[in-house]
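Student: Sharing final_20.txt here; it has compact mmCIF, C-alpha atoms and all ligand atoms.
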# COMPACT_ATOMS: atom_id res chain seq x y z
CA MET X 3 0.00 0.00 0.00
CA LYS X 4 0.94 3.66 -0.29
CA ALA X 5 1.81 5.52 2.89
CA ALA X 6 3.51 8.74 4.00
CA VAL X 7 6.59 7.89 6.06
CA LEU X 8 8.44 10.09 8.56
CA LYS X 9 12.02 8.82 8.59
CA ALA X 10 13.71 11.47 10.70
CA PHE X 11 12.56 14.52 12.65
CA GLY X 12 12.94 17.56 10.44
CA SER X 13 12.84 15.69 7.13
CA PRO X 14 9.80 15.90 4.85
CA LEU X 15 7.38 12.96 4.74
CA SER X 16 8.00 10.61 1.82
CA VAL X 17 5.19 8.76 0.09
CA GLU X 18 6.27 5.17 -0.46
CA THR X 19 5.01 1.66 -1.01
CA VAL X 20 5.08 -0.19 2.31
CA PRO X 21 3.77 -3.65 3.31
CA ASP X 22 0.02 -3.90 3.89
CA PRO X 23 -0.90 -4.22 7.58
CA VAL X 24 -1.62 -7.79 8.74
CA LEU X 25 -4.78 -8.41 10.75
CA GLY X 26 -4.63 -9.94 14.23
CA THR X 27 -7.32 -10.94 16.71
CA GLY X 28 -8.87 -7.91 18.40
CA GLU X 29 -8.06 -5.71 15.44
CA VAL X 30 -9.65 -4.12 12.42
CA ILE X 31 -8.07 -2.95 9.20
CA VAL X 32 -9.61 0.17 7.72
CA ASN X 33 -9.30 1.49 4.18
CA VAL X 34 -8.57 5.12 4.98
CA ALA X 35 -10.76 7.55 3.02
CA ALA X 36 -9.65 10.74 4.78
CA ALA X 37 -7.36 11.72 7.64
CA GLY X 38 -7.13 15.11 9.34
CA VAL X 39 -3.87 17.07 9.51
CA LEU X 40 -3.35 18.98 12.76
CA ALA X 41 -2.38 22.64 12.61
CA TYR X 42 0.72 21.80 14.64
CA ALA X 43 1.58 18.60 12.73
CA GLY X 44 4.66 20.31 11.27
CA ASP X 45 5.93 21.06 14.80
CA VAL X 46 5.53 17.38 15.67
CA TYR X 47 7.36 16.14 12.56
CA SER X 48 10.16 18.71 12.93
CA GLY X 49 10.73 17.50 16.50
CA LYS X 50 9.88 20.92 17.98
CA ARG X 51 7.01 19.48 20.02
CA GLN X 52 9.18 16.63 21.31
CA TYR X 53 6.35 14.13 20.97
CA LEU X 54 7.33 10.55 21.75
CA LEU X 55 7.59 8.83 18.38
CA GLU X 56 9.93 6.06 17.28
CA LEU X 57 10.93 6.53 13.65
CA PRO X 58 10.52 5.58 10.91
CA MET X 59 6.74 5.61 11.15
CA VAL X 60 3.58 6.43 9.25
CA PRO X 61 2.03 9.42 11.05
CA GLY X 62 -1.62 10.47 11.01
CA ALA X 63 -3.97 10.48 14.02
CA GLY X 64 -7.45 9.16 13.31
CA GLY X 65 -9.62 9.64 10.28
CA VAL X 66 -12.56 8.13 8.45
CA GLY X 67 -12.72 5.06 6.27
CA ARG X 68 -14.38 1.76 5.46
CA VAL X 69 -13.72 -1.49 7.26
CA ARG X 70 -11.54 -3.74 5.11
CA ALA X 71 -11.18 -6.69 7.49
CA VAL X 72 -12.35 -7.59 10.99
CA GLY X 73 -10.89 -10.02 13.51
CA PRO X 74 -12.81 -13.07 14.77
CA ASP X 75 -13.90 -11.25 17.93
CA ALA X 76 -15.81 -8.40 16.24
CA THR X 77 -19.49 -9.08 16.96
CA ARG X 78 -21.12 -6.24 15.00
CA LEU X 79 -18.58 -4.48 12.84
CA ALA X 80 -18.68 -5.68 9.22
CA VAL X 81 -16.55 -5.26 6.13
CA GLY X 82 -17.65 -2.13 4.27
CA ASP X 83 -18.93 -0.23 7.33
CA TRP X 84 -17.99 3.43 7.42
CA VAL X 85 -16.07 4.12 10.62
CA SER X 86 -14.42 6.93 12.48
CA ILE X 87 -10.89 5.92 13.50
CA ASP X 88 -10.23 6.94 17.09
CA PRO X 89 -6.47 7.46 17.64
CA THR X 90 -6.86 7.11 21.44
CA VAL X 91 -5.49 3.62 22.06
CA ARG X 92 -5.56 2.37 25.66
CA SER X 93 -3.61 -0.57 27.00
CA ARG X 94 -5.93 -3.45 27.91
CA ASP X 95 -3.98 -4.92 30.79
CA ASP X 96 -4.74 -2.30 33.43
CA ALA X 97 -8.34 -1.14 33.75
CA VAL X 98 -7.54 1.45 36.44
CA THR X 99 -4.49 3.21 35.02
CA PRO X 100 -4.24 2.30 31.34
CA ASP X 101 -1.33 3.57 29.30
CA ILE X 102 -2.64 5.69 26.44
CA ILE X 103 -1.14 6.52 23.07
CA LEU X 104 -2.45 8.65 20.24
CA GLN X 105 -1.81 6.29 17.36
CA GLY X 106 0.20 8.03 14.67
CA LEU X 107 0.90 11.07 16.88
CA THR X 108 2.54 10.37 20.25
CA ALA X 109 3.10 7.71 22.88
CA GLY X 110 2.27 10.36 25.47
CA SER X 111 4.47 8.77 28.13
CA PRO X 112 7.56 6.53 28.17
CA GLU X 113 5.46 3.77 29.77
CA ALA X 114 3.20 3.74 26.70
CA LEU X 115 6.04 3.24 24.19
CA ARG X 116 5.49 -0.53 24.23
CA LEU X 117 1.92 -0.03 23.10
CA GLN X 118 3.07 2.40 20.42
CA ARG X 119 5.57 -0.15 19.12
CA PHE X 120 2.63 -2.46 18.43
CA TYR X 121 0.13 0.11 17.10
CA HIS X 122 3.00 1.88 15.45
CA ASP X 123 1.60 3.41 12.30
CA GLY X 124 -1.09 5.99 11.74
CA SER X 125 -3.60 6.93 9.10
CA PHE X 126 -1.60 8.77 6.41
CA ALA X 127 -1.81 5.55 4.42
CA GLU X 128 -4.23 3.58 2.29
CA GLN X 129 -4.83 1.18 5.19
CA VAL X 130 -4.46 1.33 8.96
CA ARG X 131 -4.64 -1.43 11.57
CA VAL X 132 -6.40 -0.40 14.79
CA PRO X 133 -7.83 -2.09 17.90
CA THR X 134 -11.42 -3.21 17.21
CA GLU X 135 -12.82 -0.71 19.72
CA ASN X 136 -11.12 2.16 17.87
CA ALA X 137 -13.20 1.71 14.70
CA ILE X 138 -16.53 3.34 15.51
CA PRO X 139 -19.39 3.02 13.01
CA ILE X 140 -20.72 6.35 11.76
CA GLY X 141 -23.47 4.96 9.50
CA GLU X 142 -23.82 5.53 5.78
CA ILE X 143 -22.14 8.62 4.37
CA GLU X 144 -21.38 9.89 0.91
CA PRO X 145 -17.74 9.08 0.10
CA ALA X 146 -17.27 12.75 -0.79
CA ASP X 147 -18.17 13.65 2.82
CA ALA X 148 -15.43 11.51 4.41
CA GLY X 149 -13.16 14.55 4.82
CA ARG X 150 -15.82 16.56 6.63
CA TRP X 151 -16.51 13.64 8.99
CA CYS X 152 -12.86 13.89 10.11
CA GLY X 153 -14.19 16.92 12.00
CA LEU X 154 -15.38 14.47 14.67
CA GLY X 155 -11.81 14.37 15.97
CA LYS X 156 -11.81 18.14 16.53
CA LEU X 157 -15.17 18.08 18.29
CA LEU X 158 -14.43 15.11 20.54
CA VAL X 159 -11.47 16.73 22.28
CA PRO X 160 -13.41 19.62 23.87
CA TYR X 161 -16.40 17.30 24.34
CA GLY X 162 -14.14 15.13 26.52
CA GLY X 163 -13.26 18.24 28.53
CA LEU X 164 -16.83 19.42 28.92
CA LEU X 165 -17.96 15.96 30.02
CA ALA X 166 -15.12 15.92 32.55
CA GLY X 167 -16.27 19.37 33.72
CA ARG X 168 -19.88 18.11 33.96
CA LEU X 169 -21.17 21.10 32.00
CA LEU X 170 -24.92 21.42 32.47
CA ALA X 171 -27.51 23.06 30.26
CA GLY X 172 -28.03 26.63 31.40
CA GLU X 173 -24.50 27.09 32.74
CA THR X 174 -21.92 29.67 31.69
CA LEU X 175 -18.81 28.28 30.06
CA LEU X 176 -15.51 30.03 29.36
CA ILE X 177 -13.25 28.63 26.64
CA ASN X 178 -9.67 29.86 26.89
CA GLY X 179 -8.10 29.81 23.42
CA ALA X 180 -11.46 29.79 21.65
CA THR X 181 -10.09 31.12 18.37
CA GLY X 182 -8.05 27.94 17.88
CA ALA X 183 -9.10 24.78 16.09
CA PHE X 184 -10.00 22.85 19.24
CA GLY X 185 -11.17 25.89 21.21
CA SER X 186 -13.66 26.94 18.53
CA ALA X 187 -14.91 23.34 18.37
CA GLY X 188 -15.39 23.68 22.13
CA VAL X 189 -17.64 26.70 21.61
CA LEU X 190 -19.76 24.69 19.18
CA VAL X 191 -19.98 21.70 21.52
CA GLY X 192 -20.70 23.88 24.56
CA ILE X 193 -23.62 25.49 22.74
CA ALA X 194 -24.92 22.07 21.64
CA MET X 195 -24.69 20.86 25.26
CA GLY X 196 -26.93 23.75 26.29
CA ALA X 197 -24.57 26.34 27.75
CA ALA X 198 -26.59 29.50 28.29
CA ARG X 199 -23.56 31.63 27.50
CA VAL X 200 -20.08 30.91 26.24
CA ILE X 201 -17.23 33.34 26.87
CA ALA X 202 -14.67 32.91 24.09
CA THR X 203 -11.15 34.25 24.67
CA GLY X 204 -8.33 34.74 22.17
CA ARG X 205 -6.09 37.37 20.64
CA ASN X 206 -7.32 37.48 17.05
CA ALA X 207 -10.01 40.20 16.92
CA GLN X 208 -11.37 39.05 13.56
CA ALA X 209 -11.76 35.42 14.70
CA LEU X 210 -13.43 36.58 17.91
CA ALA X 211 -15.86 38.78 15.99
CA ASP X 212 -16.69 35.83 13.70
CA LEU X 213 -17.46 33.64 16.72
CA GLU X 214 -19.75 36.27 18.18
CA ARG X 215 -21.57 36.66 14.86
CA ARG X 216 -21.92 32.93 14.27
CA PHE X 217 -23.52 32.29 17.66
CA ALA X 218 -25.40 35.54 18.00
CA GLY X 219 -26.60 36.07 21.55
CA ARG X 220 -24.98 32.99 23.12
CA VAL X 221 -21.29 33.85 22.71
CA ARG X 222 -19.45 36.83 24.18
CA THR X 223 -15.80 37.36 23.42
CA VAL X 224 -12.79 38.72 25.27
CA GLN X 225 -9.68 39.84 23.43
CA MET X 226 -6.82 39.01 25.76
CA SER X 227 -4.32 41.79 26.49
CA GLY X 228 -1.94 39.83 28.71
CA HIS X 229 -2.75 41.97 31.78
CA GLU X 230 -4.03 39.39 34.20
CA GLU X 231 -6.36 41.49 36.35
CA GLU X 232 -7.78 43.40 33.42
CA ASP X 233 -8.38 40.27 31.33
CA ARG X 234 -10.10 38.54 34.23
CA ARG X 235 -12.33 41.54 34.82
CA LYS X 236 -13.30 41.49 31.12
CA MET X 237 -14.10 37.76 31.32
CA GLN X 238 -16.33 38.22 34.33
CA SER X 239 -18.05 41.23 32.84
CA ALA X 240 -18.67 39.39 29.54
CA ALA X 241 -20.20 36.52 31.53
CA GLY X 242 -22.61 38.95 33.19
CA GLY X 243 -22.82 36.50 36.11
CA PRO X 244 -21.01 33.52 37.57
CA ILE X 245 -18.71 31.44 35.33
CA ASP X 246 -19.46 27.79 36.08
CA VAL X 247 -16.90 25.99 33.93
CA VAL X 248 -13.56 26.99 32.36
CA LEU X 249 -12.09 24.85 29.57
CA ASP X 250 -8.48 25.73 28.77
CA LEU X 251 -7.13 24.79 25.33
CA LEU X 252 -4.11 27.07 25.02
CA PRO X 253 -1.05 25.84 23.08
CA PRO X 254 2.49 25.43 24.50
CA GLU X 255 3.48 28.92 23.26
CA ALA X 256 0.97 30.60 25.60
CA SER X 257 1.94 31.80 29.06
CA PRO X 258 0.70 29.82 32.08
CA THR X 259 -0.45 33.17 33.45
CA TRP X 260 -3.18 33.14 30.78
CA VAL X 261 -4.43 29.87 32.23
CA ARG X 262 -4.53 31.32 35.75
CA THR X 263 -6.33 34.41 34.44
CA ALA X 264 -9.21 32.19 33.32
CA VAL X 265 -9.24 29.70 36.21
CA LEU X 266 -9.43 32.51 38.77
CA ALA X 267 -12.41 33.98 36.93
CA LEU X 268 -14.49 30.98 38.08
CA ARG X 269 -17.33 31.33 40.55
CA PRO X 270 -16.99 29.70 43.97
CA TYR X 271 -17.40 25.92 43.56
CA GLY X 272 -16.64 26.21 39.83
CA ARG X 273 -14.81 23.65 37.68
CA ALA X 274 -11.74 24.15 35.49
CA ILE X 275 -10.55 21.63 32.92
CA LEU X 276 -7.00 21.83 31.58
CA MET X 277 -6.56 20.34 28.10
CA GLY X 278 -4.02 22.60 26.41
CA GLY X 279 -0.37 22.12 25.62
CA ILE X 280 1.10 24.30 28.41
CA ARG X 281 4.36 22.85 29.70
CA SER X 282 5.13 25.17 32.64
CA ASP X 283 3.48 24.94 36.03
CA VAL X 284 0.45 27.11 36.75
CA SER X 285 0.42 28.76 40.14
CA LEU X 286 -3.02 28.81 41.77
CA PRO X 287 -4.01 30.19 45.20
CA TYR X 288 -4.37 27.26 47.61
CA GLY X 289 -6.57 29.16 50.09
CA TRP X 290 -9.09 30.25 47.47
CA MET X 291 -9.34 26.74 46.06
CA MET X 292 -9.80 25.24 49.51
CA ARG X 293 -12.28 27.83 50.75
CA TYR X 294 -14.42 27.78 47.60
CA GLY X 295 -14.23 24.10 46.66
CA ILE X 296 -12.67 24.87 43.28
CA GLU X 297 -12.15 21.81 41.08
CA VAL X 298 -9.23 21.77 38.65
CA ARG X 299 -8.62 18.67 36.60
CA GLY X 300 -6.73 17.69 33.49
CA GLN X 301 -8.21 15.75 30.65
CA TRP X 302 -6.55 13.96 27.76
CA MET X 303 -8.92 13.13 24.94
CA TYR X 304 -12.37 11.67 25.77
CA PRO X 305 -14.08 8.52 27.02
CA ARG X 306 -14.99 5.95 24.34
CA GLU X 307 -18.72 6.34 24.89
CA ALA X 308 -18.46 10.02 23.94
CA ILE X 309 -17.85 9.05 20.31
CA PRO X 310 -21.24 7.53 19.40
CA ARG X 311 -22.92 10.39 21.25
CA MET X 312 -20.98 12.97 19.23
CA ILE X 313 -21.94 11.11 16.04
CA LYS X 314 -25.59 11.46 17.11
CA LEU X 315 -25.15 15.18 17.81
CA VAL X 316 -23.90 15.55 14.24
CA ARG X 317 -26.55 13.26 12.73
CA SER X 318 -29.31 15.14 14.57
CA GLY X 319 -28.12 18.45 13.15
CA GLN X 320 -27.19 19.96 16.52
CA ILE X 321 -23.58 20.17 15.41
CA LYS X 322 -22.54 21.03 11.88
CA LEU X 323 -19.29 19.68 10.46
CA GLY X 324 -16.98 22.40 9.17
CA GLU X 325 -15.34 23.00 5.82
CA VAL X 326 -12.29 21.05 4.68
CA THR X 327 -9.45 21.54 2.25
CA GLU X 328 -8.39 18.22 0.77
CA PHE X 329 -5.05 17.00 -0.53
CA PRO X 330 -4.10 13.67 -2.12
CA LEU X 331 -1.63 11.59 -0.11
CA GLU X 332 1.13 12.45 -2.61
CA GLN X 333 0.84 16.08 -1.45
CA ILE X 334 1.10 15.32 2.25
CA ASN X 335 3.87 17.89 2.81
CA GLU X 336 1.75 20.58 1.16
CA ALA X 337 -1.14 19.49 3.40
CA VAL X 338 1.02 19.87 6.53
CA ALA X 339 2.11 23.36 5.43
CA HIS X 340 -1.46 24.31 4.56
CA ALA X 341 -2.76 23.11 7.95
CA ALA X 342 -0.21 25.31 9.75
CA THR X 343 -1.11 28.49 7.91
CA ASN X 344 -4.85 27.87 7.71
CA ALA X 345 -5.56 26.90 11.32
CA GLY X 346 -8.57 28.32 13.02
CA PRO X 347 -12.25 27.96 13.63
CA PHE X 348 -14.43 25.52 11.70
CA LYS X 349 -11.95 24.58 8.99
CA MET X 350 -9.75 21.57 8.55
CA THR X 351 -7.05 20.19 6.32
CA VAL X 352 -7.36 16.53 5.35
CA VAL X 353 -5.51 14.06 3.13
CA ARG X 354 -7.42 11.57 0.99
CA PRO X 355 -5.23 8.46 0.62
N1 LIG X 401 -5.94 17.39 25.98
C1 LIG X 401 -6.20 16.90 24.79
O1 LIG X 401 -6.81 15.83 24.68
C2 LIG X 401 -5.76 17.63 23.57
C3 LIG X 401 -6.09 17.14 22.30
C4 LIG X 401 -5.71 17.87 21.18
C5 LIG X 401 -5.00 19.05 21.33
N2 LIG X 401 -4.68 19.49 22.57
C6 LIG X 401 -3.94 20.75 22.79
O2 LIG X 401 -4.74 21.83 22.36
C7 LIG X 401 -3.87 22.88 21.99
C8 LIG X 401 -4.58 23.86 21.07
O3 LIG X 401 -4.64 23.29 19.78
P1 LIG X 401 -5.23 24.10 18.54
O4 LIG X 401 -4.98 23.26 17.32
O5 LIG X 401 -6.62 24.53 18.86
O6 LIG X 401 -4.25 25.33 18.53
P2 LIG X 401 -4.40 26.67 17.75
O7 LIG X 401 -5.33 26.51 16.61
O8 LIG X 401 -3.03 27.16 17.53
O9 LIG X 401 -5.14 27.65 18.81
C9 LIG X 401 -4.56 28.07 19.96
C10 LIG X 401 -5.41 29.10 20.71
O10 LIG X 401 -4.54 29.69 21.64
C11 LIG X 401 -4.27 31.03 21.28
N3 LIG X 401 -2.83 31.25 21.26
C12 LIG X 401 -1.93 30.83 20.36
N4 LIG X 401 -0.69 31.20 20.70
C13 LIG X 401 -0.82 31.90 21.83
C14 LIG X 401 0.10 32.58 22.70
N5 LIG X 401 1.41 32.59 22.44
N6 LIG X 401 -0.38 33.19 23.78
C15 LIG X 401 -1.69 33.17 24.03
N7 LIG X 401 -2.61 32.55 23.27
C16 LIG X 401 -2.18 31.94 22.18
C17 LIG X 401 -4.85 31.26 19.93
O11 LIG X 401 -5.29 32.61 19.90
P3 LIG X 401 -5.30 33.55 18.59
O12 LIG X 401 -5.40 32.65 17.40
O13 LIG X 401 -6.53 34.37 18.77
O14 LIG X 401 -4.03 34.31 18.61
C18 LIG X 401 -5.97 30.24 19.90
O15 LIG X 401 -7.10 30.75 20.55
C19 LIG X 401 -2.69 22.17 21.34
O16 LIG X 401 -1.52 22.90 21.52
C20 LIG X 401 -2.66 20.80 21.98
O17 LIG X 401 -1.55 20.66 22.84
C21 LIG X 401 -5.05 18.80 23.68
Go ahead and express the file in the form of structure tokens.
Ligand SMILES: NC(=O)c1ccc[n+]([C@@H]2O[C@H](COP(=O)([O-])OP(=O)(O)OC[C@H]3O[C@@H](n4cnc5c(N)ncnc54)[C@H](OP(=O)(O)O)[C@@H]3O)[C@@H](O)[C@H]2O)c1

Tutor:
Amino acid sequence: MKAAVLKAFGSPLSVETVPDPVLGTGEVIVNVAAAGVLAYAGDVYSGKRQYLLELPMVPGAGGVGRVRAVGPDATRLAVGDWVSIDPTVRSRDDAVTPDIILQGLTAGSPEALRLQRFYHDGSFAEQVRVPTENAIPIGEIEPADAGRWCGLGKLLVPYGGLLAGRLLAGETLLINGATGAFGSAGVLVGIAMGAARVIATGRNAQALADLERRFAGRVRTVQMSGHEEEDRRKMQSAAGGPIDVVLDLLPPEASPTWVRTAVLALRPYGRAILMGGIRSDVSLPYGWMMRYGIEVRGQWMYPREAIPRMIKLVRSGQIKLGEVTEFPLEQINEAVAHAATNAGPFKMTVVRP
């Protein structure tokens, strides 16, 4: 089969003929129809992000395709089914503290490298081998829509955070980094989950104005200045009342102070979910958290059962899939460059192997 191979950090991907994956028990092979390219994929392949990857490998995290072959233990999945490929692969030998990799993107932790050695290759290929539970049926779709259905991956990340934050209909939600790809998806998901108001923060005035226009009445925006007190005051004033949940999706380049700005804007007994790429520690006032029962938790990806529910939110029309720009596999390097310069709300770059 054809696949895009990353041989060394900093070298371009090369499209080559590689051996077809071989099916094992507990696995599914999917004919990949479309795979999303992250805005920061180039930073991963250059080594800048220092993601745990053993090279050479076929990158590509998740996507959409049709089942090519199922193992003997698949009870419902059938050849030809359209599926969403979930890159979140969990080890099966520890139910309490599973090791987790994002197949085709990162091992996440040194402990998970063994799992990554087995599910080594990702979806920038004509075929990908995944654990059975990572091929989730999406129902019939037009083949031409496969790229747009890759948008599920964008939506599921903030959905995982909002489920972890137990967002309730009628609550006020603040998304920190809402002008980004995942943050803007979080605004969409928060609205679909019934948030009465969403406060969207970011720096890009145009993107913020677009968000406010798109969700007229439900979304208020705050353009961050970097002055902690002032930004927090603006967040609280935009909320016009207590902020129940904060979802942070800032990238590694952002200052941890921006995270604290948002977390400290919470109401007493509020919940903050940290999902971004921040590497430095965030200092938070112990006494305030203790006195007001503040919850702060991290979240990586989403629980498995969130996926069929998100598919239903899309199928029921409560969430619209965004626009995509598509590239053939042969132009994978152009796709990576395009994704970096065309990041932002409600648009995606995909490759069609
Ligand atoms: N926990 C998980 O499961 C999970 C899954 C996927 C991704 N992530 C993380 O989510 C992060 C965001 O991804 P993305 O693709 O949405 O990124 P993105 O498109 O680059 O968006 C980043 C957001 O942060 C803002 N931002 C960018 N640089 C900043 C800086 N230096 N200071 C302050 N704000 C800044 C952007 O604001 P403006 O555009 O308005 O300037 C935008 O709102 C990633 O870095 C990744 O680590 C986490």

Student: Select all residues near (0.9, 22.0, 21.1) (cut-off 8 Å, inclusive, file coordinates), counting only C-alpha atoms, and output them as a list in words.

Tutor: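 Answer for this query, in the requested form: Tyr42, Arg51, Pro253, Pro254, Glu255, Gly278, Gly279 and Ile280 of chain X.
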
Student: Using all atoms listed in the file, what residues lie at most 12 Å away from (8.4, 22.3, 17.3) (file coordinates), given as JSON, numbers by chain?

Tutor: {"X": [11, 12, 41, 42, 43, 44, 45, 46, 47, 48, 49, 50, 51, 52, 53, 253, 254, 255, 342]}

Student: Those same residues, written as a PDB file, keeping the file's coordinate frame with C-alpha atoms?

Tutor:
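So part34.pdb came out as:
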ATOM      1  CA  PHE X  11      12.560  14.520  12.650  1.00  0.00           C
ATOM      2  CA  GLY X  12      12.940  17.560  10.440  1.00  0.00           C
ATOM      3  CA  ALA X  41      -2.380  22.640  12.610  1.00  0.00           C
ATOM      4  CA  TYR X  42       0.720  21.800  14.640  1.00  0.00           C
ATOM      5  CA  ALA X  43       1.580  18.600  12.730  1.00  0.00           C
ATOM      6  CA  GLY X  44       4.660  20.310  11.270  1.00  0.00           C
ATOM      7  CA  ASP X  45       5.930  21.060  14.800  1.00  0.00           C
ATOM      8  CA  VAL X  46       5.530  17.380  15.670  1.00  0.00           C
ATOM      9  CA  TYR X  47       7.360  16.140  12.560  1.00  0.00           C
ATOM     10  CA  SER X  48      10.160  18.710  12.930  1.00  0.00           C
ATOM     11  CA  GLY X  49      10.730  17.500  16.500  1.00  0.00           C
ATOM     12  CA  LYS X  50       9.880  20.920  17.980  1.00  0.00           C
ATOM     13  CA  ARG X  51       7.010  19.480  20.020  1.00  0.00           C
ATOM     14  CA  GLN X  52       9.180  16.630  21.310  1.00  0.00           C
ATOM     15  CA  TYR X  53       6.350  14.130  20.970  1.00  0.00           C
ATOM     16  CA  PRO X 253      -1.050  25.840  23.080  1.00  0.00           C
ATOM     17  CA  PRO X 254       2.490  25.430  24.500  1.00  0.00           C
ATOM     18  CA  GLU X 255       3.480  28.920  23.260  1.00  0.00           C
ATOM     19  CA  ALA X 342      -0.210  25.310   9.750  1.00  0.00           C
TER      20      ALA X 342
END

Student: At a cut-off of 6 Å, can you tabulate as a Markdown table every residue of chain X near ligand LIG 401 (chain X) together with its closest atom pair and the distance in Å to one decimal, using only C-alpha atoms and all ligand atoms and ordering rows by chain then number?

Tutor:
| residue | atom | partner | partner_atom | distance |
| --- | --- | --- | --- | --- |
| X:Ala41 | CA | X:LIG401 | O4 | 5.4 |
| X:Val159 | CA | X:LIG401 | O1 | 5.3 |
| X:Gly179 | CA | X:LIG401 | O15 | 3.2 |
| X:Ala180 | CA | X:LIG401 | O15 | 4.6 |
| X:Thr181 | CA | X:LIG401 | O15 | 3.7 |
| X:Gly182 | CA | X:LIG401 | O9 | 3.1 |
| X:Ala183 | CA | X:LIG401 | O5 | 3.7 |
| X:Phe184 | CA | X:LIG401 | O5 | 3.8 |
| X:Gly185 | CA | X:LIG401 | O5 | 5.3 |
| X:Gly204 | CA | X:LIG401 | O13 | 3.9 |
| X:Arg205 | CA | X:LIG401 | O13 | 3.6 |
| X:Asn206 | CA | X:LIG401 | O13 | 3.6 |
| X:Leu251 | CA | X:LIG401 | O2 | 4.8 |
| X:Leu252 | CA | X:LIG401 | O10 | 4.3 |
| X:Pro253 | CA | X:LIG401 | O16 | 3.4 |
| X:Pro254 | CA | X:LIG401 | O16 | 5.6 |
| X:Glu255 | CA | X:LIG401 | N5 | 4.3 |
| X:Ala256 | CA | X:LIG401 | N6 | 3.4 |
| X:Ser257 | CA | X:LIG401 | N6 | 5.9 |
| X:Met277 | CA | X:LIG401 | N1 | 3.7 |
| X:Gly278 | CA | X:LIG401 | C6 | 4.1 |
| X:Gly279 | CA | X:LIG401 | O17 | 3.4 |
| X:Gln301 | CA | X:LIG401 | N1 | 5.4 |
| X:Trp302 | CA | X:LIG401 | O1 | 3.6 |
| X:Met303 | CA | X:LIG401 | O1 | 3.4 |
| X:Ala345 | CA | X:LIG401 | O7 | 5.3 |
| X:Gly346 | CA | X:LIG401 | O7 | 5.2 |

Student: Measuring between all atoms listed in the file, which one of X:Val224, X:Ala36, X:Ile201, X:Val247 shows the shortest distance to Ala171 of chain X?

Tutor: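 Ranking X:Val224, X:Ala36, X:Ile201, X:Val247 by distance to Ala171 of chain X, first place goes to X:Val247.
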
Student: May I have a table of the residues of segment 267-346 of chain X lying at most 12 Å from segment 148-152 of chain X, giving each one's closest pair of atoms and their distance in Å to one decimal, counting only C-alpha atoms, ordered by chain and ascending residue number, as JSON lines?

Tutor:
{"residue": "X:Met312", "atom": "CA", "partner": "X:Trp151", "partner_atom": "CA", "distance": 11.2}
{"residue": "X:Ile313", "atom": "CA", "partner": "X:Trp151", "partner_atom": "CA", "distance": 9.3}
{"residue": "X:Val316", "atom": "CA", "partner": "X:Trp151", "partner_atom": "CA", "distance": 9.3}
{"residue": "X:Arg317", "atom": "CA", "partner": "X:Trp151", "partner_atom": "CA", "distance": 10.7}
{"residue": "X:Ile321", "atom": "CA", "partner": "X:Trp151", "partner_atom": "CA", "distance": 11.6}
{"residue": "X:Lys322", "atom": "CA", "partner": "X:Arg150", "partner_atom": "CA", "distance": 9.6}
{"residue": "X:Leu323", "atom": "CA", "partner": "X:Arg150", "partner_atom": "CA", "distance": 6.0}
{"residue": "X:Gly324", "atom": "CA", "partner": "X:Arg150", "partner_atom": "CA", "distance": 6.5}
{"residue": "X:Glu325", "atom": "CA", "partner": "X:Arg150", "partner_atom": "CA", "distance": 6.5}
{"residue": "X:Val326", "atom": "CA", "partner": "X:Arg150", "partner_atom": "CA", "distance": 6.0}
{"residue": "X:Thr327", "atom": "CA", "partner": "X:Gly149", "partner_atom": "CA", "distance": 8.3}
{"residue": "X:Glu328", "atom": "CA", "partner": "X:Gly149", "partner_atom": "CA", "distance": 7.3}
{"residue": "X:Phe329", "atom": "CA", "partner": "X:Gly149", "partner_atom": "CA", "distance": 10.0}
{"residue": "X:Pro330", "atom": "CA", "partner": "X:Gly149", "partner_atom": "CA", "distance": 11.4}

Student: Tell me which protein, DNA and RNA residues are within 8 Å of Ile102 of chain X, counting only C-alpha atoms, leaving out same-chain ones fewer than 4 positions away, and put them as a list in words.

Tutor: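 Near neighbours after the sequence-gap exclusion: Thr90, Val91, Arg92, Ser93, Ala109, Gly110, Ser111 and Ala114 of chain X.
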
Student: Would you save the residues of that selection, restricted to C-alpha atoms, as a PDB file, keeping the file's coordinate frame?

Tutor:
ATOM      1  CA  THR X  90      -6.860   7.110  21.440  1.00  0.00           C
ATOM      2  CA  VAL X  91      -5.490   3.620  22.060  1.00  0.00           C
ATOM      3  CA  ARG X  92      -5.560   2.370  25.660  1.00  0.00           C
ATOM      4  CA  SER X  93      -3.610  -0.570  27.000  1.00  0.00           C
ATOM      5  CA  ALA X 109       3.100   7.710  22.880  1.00  0.00           C
ATOM      6  CA  GLY X 110       2.270  10.360  25.470  1.00  0.00           C
ATOM      7  CA  SER X 111       4.470   8.770  28.130  1.00  0.00           C
ATOM      8  CA  ALA X 114       3.200   3.740  26.700  1.00  0.00           C
TER       9      ALA X 114
END

Student: Taking all atoms of segment 268-278 of chain X that the file lists, what box with edges along x, y and z, padded by 4 Å per side, do you get, with centre and edge lengths in Å to one decimal, as JSON?

Tutor:
{"center_x": -10.7, "center_y": 25.8, "center_z": 35.2, "size_x": 21.4, "size_y": 19.0, "size_z": 25.6}

Student: Quick one: distance from atom CA of Ile31 of chain X to atom CA of Ile309 of chain X in Å, one decimal?

Tutor: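 So the two atoms, atom CA of Ile31 of chain X and atom CA of Ile309 of chain X, lie 19.1 Å apart.
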
Student: Between atom CA of Ile140 of chain X and atom CA of Val85 of chain X, what is the distance in Å, rounded to a tenth?

Tutor: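 We find that atom CA of Ile140 of chain X and atom CA of Val85 of chain X lie 5.3 Å from each other.
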